[in-house]
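Asker: Below is a structure I'd like to ask you about.
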Amino acid sequence: MIYDVSKLTEFHYSALKEISNIGIGNAVTSLAMMLGSEVKIMTPDLKVAKIEEVTEASGGADKLVSGVLMELSGGVNGYMVMLLPLESAKLICNIMTKQQNSNINDPMNESLISEVGHILGSAYMTAFSDLLKVDAFASAPFHIYDMIGAIMDNILIQMSQEVEHAIILNTLFTLKGNDMHGKLLTLFDPTSLELILEQVNALFH
Amino acid sequence: MIVIGMADYAVSRSPEKLTTLGLGSCVGIALYDPVAKIGGLIHIMLPTIENARFKDNCAKFADSGIPCLIEEMIRIGAVRRRLVAKIAGGAKMFSFNSDASLNIGERNVQATKMVLSEMKVPLISEDVGKNYGRTVLLDTDTGVYYIKSAIMGENII
């Protein structure tokens with residue numbers, strides 16, 4: 001069944017944001033421990049966008065970023081995408097490998113960035129599934145350094161065959177002062193919404 | 001300059017430039033009438049509207065989008081038998097293990113070529129496939145199709 005996204009209420013929006021906040025809190029804490037630094041997380045932004053508009057809503061189709069993609073499966077369908085500006089991706093590699101001026105296209109660094117994305121994604125989904133009692137997990141990560149549009153169009157193509165809209169939870173996080181920042185996007189297929197909202201209602205009422 | 005979003009198209013007369021950003025598996029199809037100097041550009045996502053669940057946007061699919069684009073070009077003065085095509089995109093960026101529909105990029109390119117040949121629009125050049133994203137720009141004054149990528153730099157076709 002297709003859930004009508006126009007039926008989302010203010011309550012649903014804030015509940016989803018709150019859940020996302022806990023998820024991202026979990027996720028970024030793991031990253032901060034790995035990198036040994038302080039983390040700041042902005043309040044997540046929740047948007048319902050037409051599939052065709054998701055890349056623009058994610059920061060601009062031709063912006064070059066280091067992206068890690070994971071597919072969500074189990075109780076919910078969707079994707080998680082971590083987007084890092086090149087400088088932030090380099091900084092993570094520098095810290096982890098104790099080197100200067102890391103090349104993020106180096107296979108070693110690529111898998112390192114993938115792992116960072118995976119740790120973020122898994123920590124997020126663990127919090128999410130614990131809270132909502134939904135069995136959901138993130139797939140193995142893929143890393144690509146390219147334009148946001150090119151990184152995301154494949155998953156949007158997949159989603160567009162089933163649904164017209166995506167629910168986008170967009171969270172900005174910063175580490176090491178403001179030297180490192182990134183974005184964690186969670187795209188839910190609205191068909192997963194029914195289950196999520198049921199659990200939200202059970203949890204908050 | 002007119003910026004065209006995903007699953008959208010635009011047509012224009014010279015000297016306007018038409019562009020679409022960050023093509024991955026999607027395909028950017030540029031059509032051009034060199035005499036009237038009229039160009040059209042479409043950013044398609046999927047090969048065919050047949051069996052699609054949502055059919056409201058013709059620009060999403062190669063087989064419904066290309067005829068829409070041609071019609072729109074003719075409406076502003078292009079002549080159908082003069083049209084030529086250049087295409088870019090259709091990359092294979094990555095694939096998840098569970099993906100049943102492997103390589104959507106290649107399928108998009110194949111469908112595009114089939115539709116162009118059915119509509120008797122000659123395909124004069126292409127920059128497709130591989131594993132990187134492309135930003136494209138059609139200059140309606142010259143018919144030149146510029147392709148920019150992060151890894152390969154600029155290609156002119």
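Here, A, B, ... name the chains of the structure tokens in the order displayed, residue numbers run from 1 inside each chain, and ligands are numbered from 1 in the same displayed order.
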Considering only C-alpha atoms, return as a PyMOL selection string whatever protein or nucleic-acid residues lie within 6 Å of segment 47-61 of chain B, sequence-local ones (same chain, fewer than 5 positions apart) excluded.
Answerer: chain B and resi 7-8+108+111
Asker: Restricting it to C-alpha atoms, dump the selection as a compact mmCIF listing (two decimals), in the first residue's frame.
Answerer:
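As a result, again_18.txt now contains:
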```
# COMPACT_ATOMS: atom_id res chain seq x y z
CA ALA B 7 13.13 14.22 -15.47
CA ASP B 8 12.62 17.53 -17.23
CA ASN B 108 18.74 3.90 -20.53
CA ALA B 111 16.38 2.59 -25.01
```
Asker: Taking a cut-off of 9 Å and counting only C-alpha atoms, can you build a table that, for each residue of chain B near chain A, reports the nearest atom pair and how far apart they are in Å (one decimal), sorted by chain then residue number, as a Markdown table?
Answerer:
```
| residue | atom | partner | partner_atom | distance |
| --- | --- | --- | --- | --- |
| B:Gly5 | CA | A:Glu52 | CA | 7.4 |
| B:Met6 | CA | A:Glu52 | CA | 5.3 |
| B:Ala7 | CA | A:Glu52 | CA | 6.3 |
| B:Asp8 | CA | A:Glu52 | CA | 8.6 |
| B:Thr20 | CA | A:Ala61 | CA | 8.8 |
| B:Leu21 | CA | A:Asp62 | CA | 5.3 |
| B:Gly22 | CA | A:Gly149 | CA | 4.3 |
| B:Leu23 | CA | A:Ala150 | CA | 5.0 |
| B:Gly24 | CA | A:Ala150 | CA | 3.7 |
| B:Ser25 | CA | A:Asn154 | CA | 5.9 |
| B:Cys26 | CA | A:Asp153 | CA | 6.8 |
| B:Met45 | CA | A:Ile157 | CA | 6.2 |
| B:Leu46 | CA | A:Ile157 | CA | 7.0 |
| B:Ala52 | CA | A:Gln161 | CA | 6.7 |
| B:Arg53 | CA | A:Gln161 | CA | 6.7 |
| B:Phe54 | CA | A:Glu164 | CA | 7.4 |
| B:Lys60 | CA | A:Glu52 | CA | 8.8 |
| B:Ala91 | CA | A:Ala150 | CA | 8.5 |
| B:Lys92 | CA | A:Asn154 | CA | 8.4 |
| B:Met93 | CA | A:Ile151 | CA | 7.0 |
| B:Phe94 | CA | A:Phe142 | CA | 7.3 |
| B:Ser95 | CA | A:Phe142 | CA | 8.5 |
| B:Phe96 | CA | A:Glu71 | CA | 7.6 |
| B:Asp99 | CA | A:Gln158 | CA | 8.8 |
| B:Ser101 | CA | A:Gln158 | CA | 8.6 |
| B:Ile104 | CA | A:Asn154 | CA | 7.7 |
| B:Gly105 | CA | A:Asn154 | CA | 8.3 |
| B:Tyr132 | CA | A:Asp146 | CA | 6.9 |
| B:Gly133 | CA | A:Ala150 | CA | 4.8 |
| B:Arg134 | CA | A:Ala150 | CA | 7.3 |
| B:Thr135 | CA | A:Asp62 | CA | 7.0 |
| B:Ser149 | CA | A:Asp146 | CA | 8.3 |
| B:Ala150 | CA | A:Asp146 | CA | 6.2 |
| B:Ile151 | CA | A:Asp146 | CA | 8.0 |
```
Asker: Could you give me the residues within chain A that DSSP places in strand (DSSP E or B), as a PyMOL selection string?
Answerer: chain A and resi 39-41+45-50+64-74+78-84+136-138+142-147+165-175+180-188
Asker: Keeping C-alpha atoms for every residue in the selection just given, could you write it to a file as a compact mmCIF listing (two decimals), in the first residue's frame?
Answerer:
```txt
# COMPACT_ATOMS: atom_id res chain seq x y z
CA VAL A 39 30.97 16.74 17.62
CA LYS A 40 28.20 19.19 16.92
CA ILE A 41 24.93 18.10 15.40
CA ASP A 45 15.69 18.86 8.64
CA LEU A 46 12.82 16.74 7.43
CA LYS A 47 11.44 17.17 3.96
CA VAL A 48 9.10 15.36 1.70
CA ALA A 49 10.27 15.88 -1.85
CA LYS A 50 9.35 14.58 -5.25
CA LEU A 64 31.54 17.44 -5.96
CA VAL A 65 31.47 15.36 -2.80
CA SER A 66 32.71 12.16 -1.30
CA GLY A 67 29.61 10.02 -0.96
CA VAL A 68 28.92 6.74 0.79
CA LEU A 69 25.69 4.93 -0.03
CA MET A 70 23.94 2.17 1.84
CA GLU A 71 20.69 0.44 1.12
CA LEU A 72 18.23 0.00 3.98
CA SER A 73 16.30 -3.19 4.27
CA GLY A 74 14.31 -5.22 6.76
CA GLY A 78 15.22 3.28 1.65
CA TYR A 79 18.79 4.46 1.44
CA MET A 80 21.30 6.24 3.61
CA VAL A 81 23.78 8.59 2.05
CA MET A 82 26.71 10.26 3.76
CA LEU A 83 28.00 13.27 1.85
CA LEU A 84 31.33 14.86 2.77
CA ALA A 136 16.10 -2.51 9.87
CA PHE A 137 19.69 -2.49 8.80
CA ALA A 138 22.11 -0.86 6.39
CA PHE A 142 29.76 2.02 -1.53
CA HIS A 143 32.06 4.98 -1.85
CA ILE A 144 32.07 7.38 -4.81
CA TYR A 145 33.76 10.74 -5.29
CA ASP A 146 31.64 12.56 -7.84
CA MET A 147 28.81 15.03 -8.36
CA HIS A 165 8.10 11.00 -3.11
CA ALA A 166 10.95 10.43 -0.73
CA ILE A 167 11.09 11.41 2.91
CA ILE A 168 14.44 13.05 3.43
CA LEU A 169 16.02 13.48 6.83
CA ASN A 170 19.00 15.71 6.42
CA THR A 171 21.40 16.26 9.30
CA LEU A 172 24.49 18.40 9.33
CA PHE A 173 27.29 17.47 11.67
CA THR A 174 30.58 19.16 12.40
CA LEU A 175 33.74 17.87 14.05
CA MET A 180 35.09 18.88 9.28
CA HIS A 181 31.47 18.76 8.34
CA GLY A 182 29.17 16.42 6.53
CA LYS A 183 25.62 15.43 5.85
CA LEU A 184 23.77 12.28 6.59
CA LEU A 185 20.70 11.77 4.43
CA THR A 186 18.12 9.11 5.09
CA LEU A 187 15.68 8.52 2.27
CA PHE A 188 12.64 6.52 3.21
```
Asker: With only C-alpha atoms as the basis for distance, which of B:Leu137, B:Val144, B:Ala36, B:Cys68 is at the shortest distance from Ile2 of chain B?
Answerer: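 The answer is B:Leu137, which sits nearest to Ile2 of chain B.
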Asker: Pick the closest to Val35 of chain B from B:Ile156, B:Val109, B:Ala78, B:Ile87: which is it, counting only C-alpha atoms?
Answerer: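 Closest to Val35 of chain B, using only C-alpha atoms: B:Ala78.
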Asker: Give me the residues near Asn109 of chain A as a ChimeraX atom specification, where near means some atom within 9 Å (using only C-alpha atoms) and where sequence neighbours in that chain fewer than 4 positions away do not count.
Answerer: /A:90,93,97,102-105,113-114
Asker: Got time to write the residues from that selection, N, CA and C atoms, as a compact mmCIF listing (two decimals), in the first residue's frame?
Answerer:
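So the final result, stored in selection-v4.txt, reads:
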```txt
# COMPACT_ATOMS: atom_id res chain seq x y z
N LYS A 90 39.19 14.28 3.25
CA LYS A 90 40.66 14.23 3.36
C LYS A 90 41.10 14.29 4.82
N CYS A 93 40.72 11.05 6.56
CA CYS A 93 41.80 10.14 6.14
C CYS A 93 43.11 10.53 6.81
N THR A 97 44.93 7.84 9.18
CA THR A 97 46.14 7.19 8.67
C THR A 97 47.40 7.91 9.16
N SER A 102 45.96 13.40 2.23
CA SER A 102 45.51 12.10 1.73
C SER A 102 44.79 12.24 0.39
N ASN A 103 44.99 11.26 -0.47
CA ASN A 103 44.28 11.21 -1.74
C ASN A 103 43.07 10.30 -1.55
N ILE A 104 41.86 10.87 -1.67
CA ILE A 104 40.69 10.05 -1.35
C ILE A 104 40.34 9.04 -2.45
N ASN A 105 41.02 9.13 -3.59
CA ASN A 105 40.78 8.10 -4.59
C ASN A 105 41.69 6.89 -4.43
N ILE A 113 36.85 5.68 4.10
CA ILE A 113 35.67 6.55 4.07
C ILE A 113 34.38 5.71 4.05
N SER A 114 34.42 4.63 3.28
CA SER A 114 33.26 3.72 3.26
C SER A 114 32.95 3.23 4.66
```
Asker: Residues at most 8 Å from Ile29 of chain B, counting only C-alpha atoms, excluding those fewer than 6 positions away in the same chain, as a PyMOL selection string?
Answerer: chain B and resi 41-44+85-88
Asker: Write to file, as a PDB file, in the first residue's frame, the residues of the selection just made, with N, CA and C atoms.
Answerer:
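Once written, again-v3.pdb looks like this:
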```pdb
ATOM      1  N   LEU B  41      16.916  19.821 -24.927  1.00  0.00           N
ATOM      2  CA  LEU B  41      17.674  18.929 -24.052  1.00  0.00           C
ATOM      3  C   LEU B  41      16.727  18.301 -23.044  1.00  0.00           C
ATOM      4  N   ILE B  42      16.866  16.980 -22.872  1.00  0.00           N
ATOM      5  CA  ILE B  42      16.024  16.268 -21.903  1.00  0.00           C
ATOM      6  C   ILE B  42      16.889  15.392 -20.998  1.00  0.00           C
ATOM      7  N   HIS B  43      16.510  15.300 -19.732  1.00  0.00           N
ATOM      8  CA  HIS B  43      17.231  14.517 -18.719  1.00  0.00           C
ATOM      9  C   HIS B  43      16.321  13.355 -18.299  1.00  0.00           C
ATOM     10  N   ILE B  44      16.519  12.192 -18.943  1.00  0.00           N
ATOM     11  CA  ILE B  44      15.625  11.063 -18.649  1.00  0.00           C
ATOM     12  C   ILE B  44      16.212  10.167 -17.551  1.00  0.00           C
ATOM     13  N   ALA B  85      20.964  14.137 -33.147  1.00  0.00           N
ATOM     14  CA  ALA B  85      21.018  13.893 -31.700  1.00  0.00           C
ATOM     15  C   ALA B  85      22.438  13.644 -31.226  1.00  0.00           C
ATOM     16  N   LYS B  86      22.706  14.097 -29.993  1.00  0.00           N
ATOM     17  CA  LYS B  86      23.943  13.764 -29.288  1.00  0.00           C
ATOM     18  C   LYS B  86      23.526  13.343 -27.890  1.00  0.00           C
ATOM     19  N   ILE B  87      24.168  12.307 -27.350  1.00  0.00           N
ATOM     20  CA  ILE B  87      23.737  11.847 -26.019  1.00  0.00           C
ATOM     21  C   ILE B  87      24.928  11.665 -25.074  1.00  0.00           C
ATOM     22  N   ALA B  88      24.656  11.799 -23.783  1.00  0.00           N
ATOM     23  CA  ALA B  88      25.690  11.602 -22.757  1.00  0.00           C
ATOM     24  C   ALA B  88      25.050  11.080 -21.488  1.00  0.00           C
TER      25      ALA B  88
END
```
Asker: Can you list, as JSON, numbers by chain, every protein, DNA or RNA residue that comes within 9 Å of Arg81 of chain B when you count only C-alpha atoms, leaving out same-chain residues fewer than 3 positions away?
Answerer: {"B": [33, 84, 120, 121]}
Asker: At a cut-off of 10 Å, using only C-alpha atoms, what residues contact Met119 of chain B? Leave out same-chain residues fewer than 3 positions from it and give the result as a VMD selection string.
Answerer: chain B and resid 66 to 67 70 80 to 81 113 to 116 122
Asker: Restricting the output to C-alpha atoms, write the selected residues as a PDB file, in the first residue's frame.
Answerer:
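again_36.pdb was written with the following content:
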```pdb
ATOM      1  CA  ILE B  66      11.986  12.094 -26.797  1.00  0.00           C
ATOM      2  CA  PRO B  67       8.685  12.446 -28.745  1.00  0.00           C
ATOM      3  CA  ILE B  70      10.663  16.728 -30.699  1.00  0.00           C
ATOM      4  CA  ARG B  80      11.876  17.280 -37.945  1.00  0.00           C
ATOM      5  CA  ARG B  81      13.988  15.799 -40.757  1.00  0.00           C
ATOM      6  CA  LYS B 113      19.183   4.760 -29.171  1.00  0.00           C
ATOM      7  CA  MET B 114      16.212   2.634 -30.062  1.00  0.00           C
ATOM      8  CA  VAL B 115      13.750   5.517 -29.739  1.00  0.00           C
ATOM      9  CA  LEU B 116      16.007   7.839 -31.773  1.00  0.00           C
ATOM     10  CA  PRO B 122      20.422  10.346 -36.530  1.00  0.00           C
TER      11      PRO B 122
END
```
Asker: So that I can see what lies close to Val134 of chain A, please list as a list in words the residues with an atom at most 12 Å from it, counting only C-alpha atoms and leaving out residues fewer than 5 positions away in the same chain.
Answerer: Leu72, Ser73, Gly74, Gly75, Val76, Asn77, Met125, Thr126, Ala127, Phe128, Ser129, Ser192, Leu193, Glu194, Leu195, Ile196, Leu197, Glu198, Gln199 and Val200 of chain A
Asker: Quick one: DSSP alpha helix (DSSP H) residues in segment 30-82 of chain B, as a ChimeraX atom specification?
Answerer: /B:62-75
Asker: Could you please take those selected residues and save N, CA and C atoms as a short mmCIF file (atom, residue, chain, number, x, y, z; two decimals), in the first residue's frame?
Answerer:
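Output saved as part.cif:
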```
data_model
loop_
_atom_site.label_atom_id
_atom_site.label_comp_id
_atom_site.auth_asym_id
_atom_site.auth_seq_id
_atom_site.Cartn_x
_atom_site.Cartn_y
_atom_site.Cartn_z
N ALA B 62 12.73 7.60 -21.57
CA ALA B 62 13.26 7.81 -22.92
C ALA B 62 12.16 7.72 -23.96
N ASP B 63 11.32 6.69 -23.88
CA ASP B 63 10.36 6.47 -24.98
C ASP B 63 9.20 7.46 -25.02
N SER B 64 8.89 8.08 -23.88
CA SER B 64 7.83 9.09 -23.91
C SER B 64 8.42 10.50 -24.00
N GLY B 65 9.64 10.66 -23.48
CA GLY B 65 10.25 11.99 -23.41
C GLY B 65 10.76 12.50 -24.74
N ILE B 66 11.40 11.64 -25.53
CA ILE B 66 11.99 12.09 -26.80
C ILE B 66 10.89 12.62 -27.74
N PRO B 67 9.76 11.88 -27.91
CA PRO B 67 8.69 12.45 -28.75
C PRO B 67 8.16 13.79 -28.23
N CYS B 68 8.04 13.93 -26.90
CA CYS B 68 7.61 15.23 -26.32
C CYS B 68 8.58 16.34 -26.72
N LEU B 69 9.86 16.03 -26.60
CA LEU B 69 10.90 17.02 -26.89
C LEU B 69 10.84 17.44 -28.37
N ILE B 70 10.71 16.44 -29.26
CA ILE B 70 10.66 16.73 -30.70
C ILE B 70 9.46 17.61 -31.03
N GLU B 71 8.32 17.26 -30.45
CA GLU B 71 7.10 18.02 -30.69
C GLU B 71 7.28 19.48 -30.27
N GLU B 72 7.87 19.66 -29.11
CA GLU B 72 8.08 21.00 -28.57
C GLU B 72 9.04 21.80 -29.46
N MET B 73 10.06 21.12 -30.01
CA MET B 73 11.01 21.81 -30.90
C MET B 73 10.33 22.23 -32.20
N ILE B 74 9.49 21.35 -32.73
CA ILE B 74 8.77 21.66 -33.96
C ILE B 74 7.84 22.86 -33.73
N ARG B 75 7.24 22.88 -32.55
CA ARG B 75 6.31 23.96 -32.22
C ARG B 75 6.99 25.33 -32.28
#
```
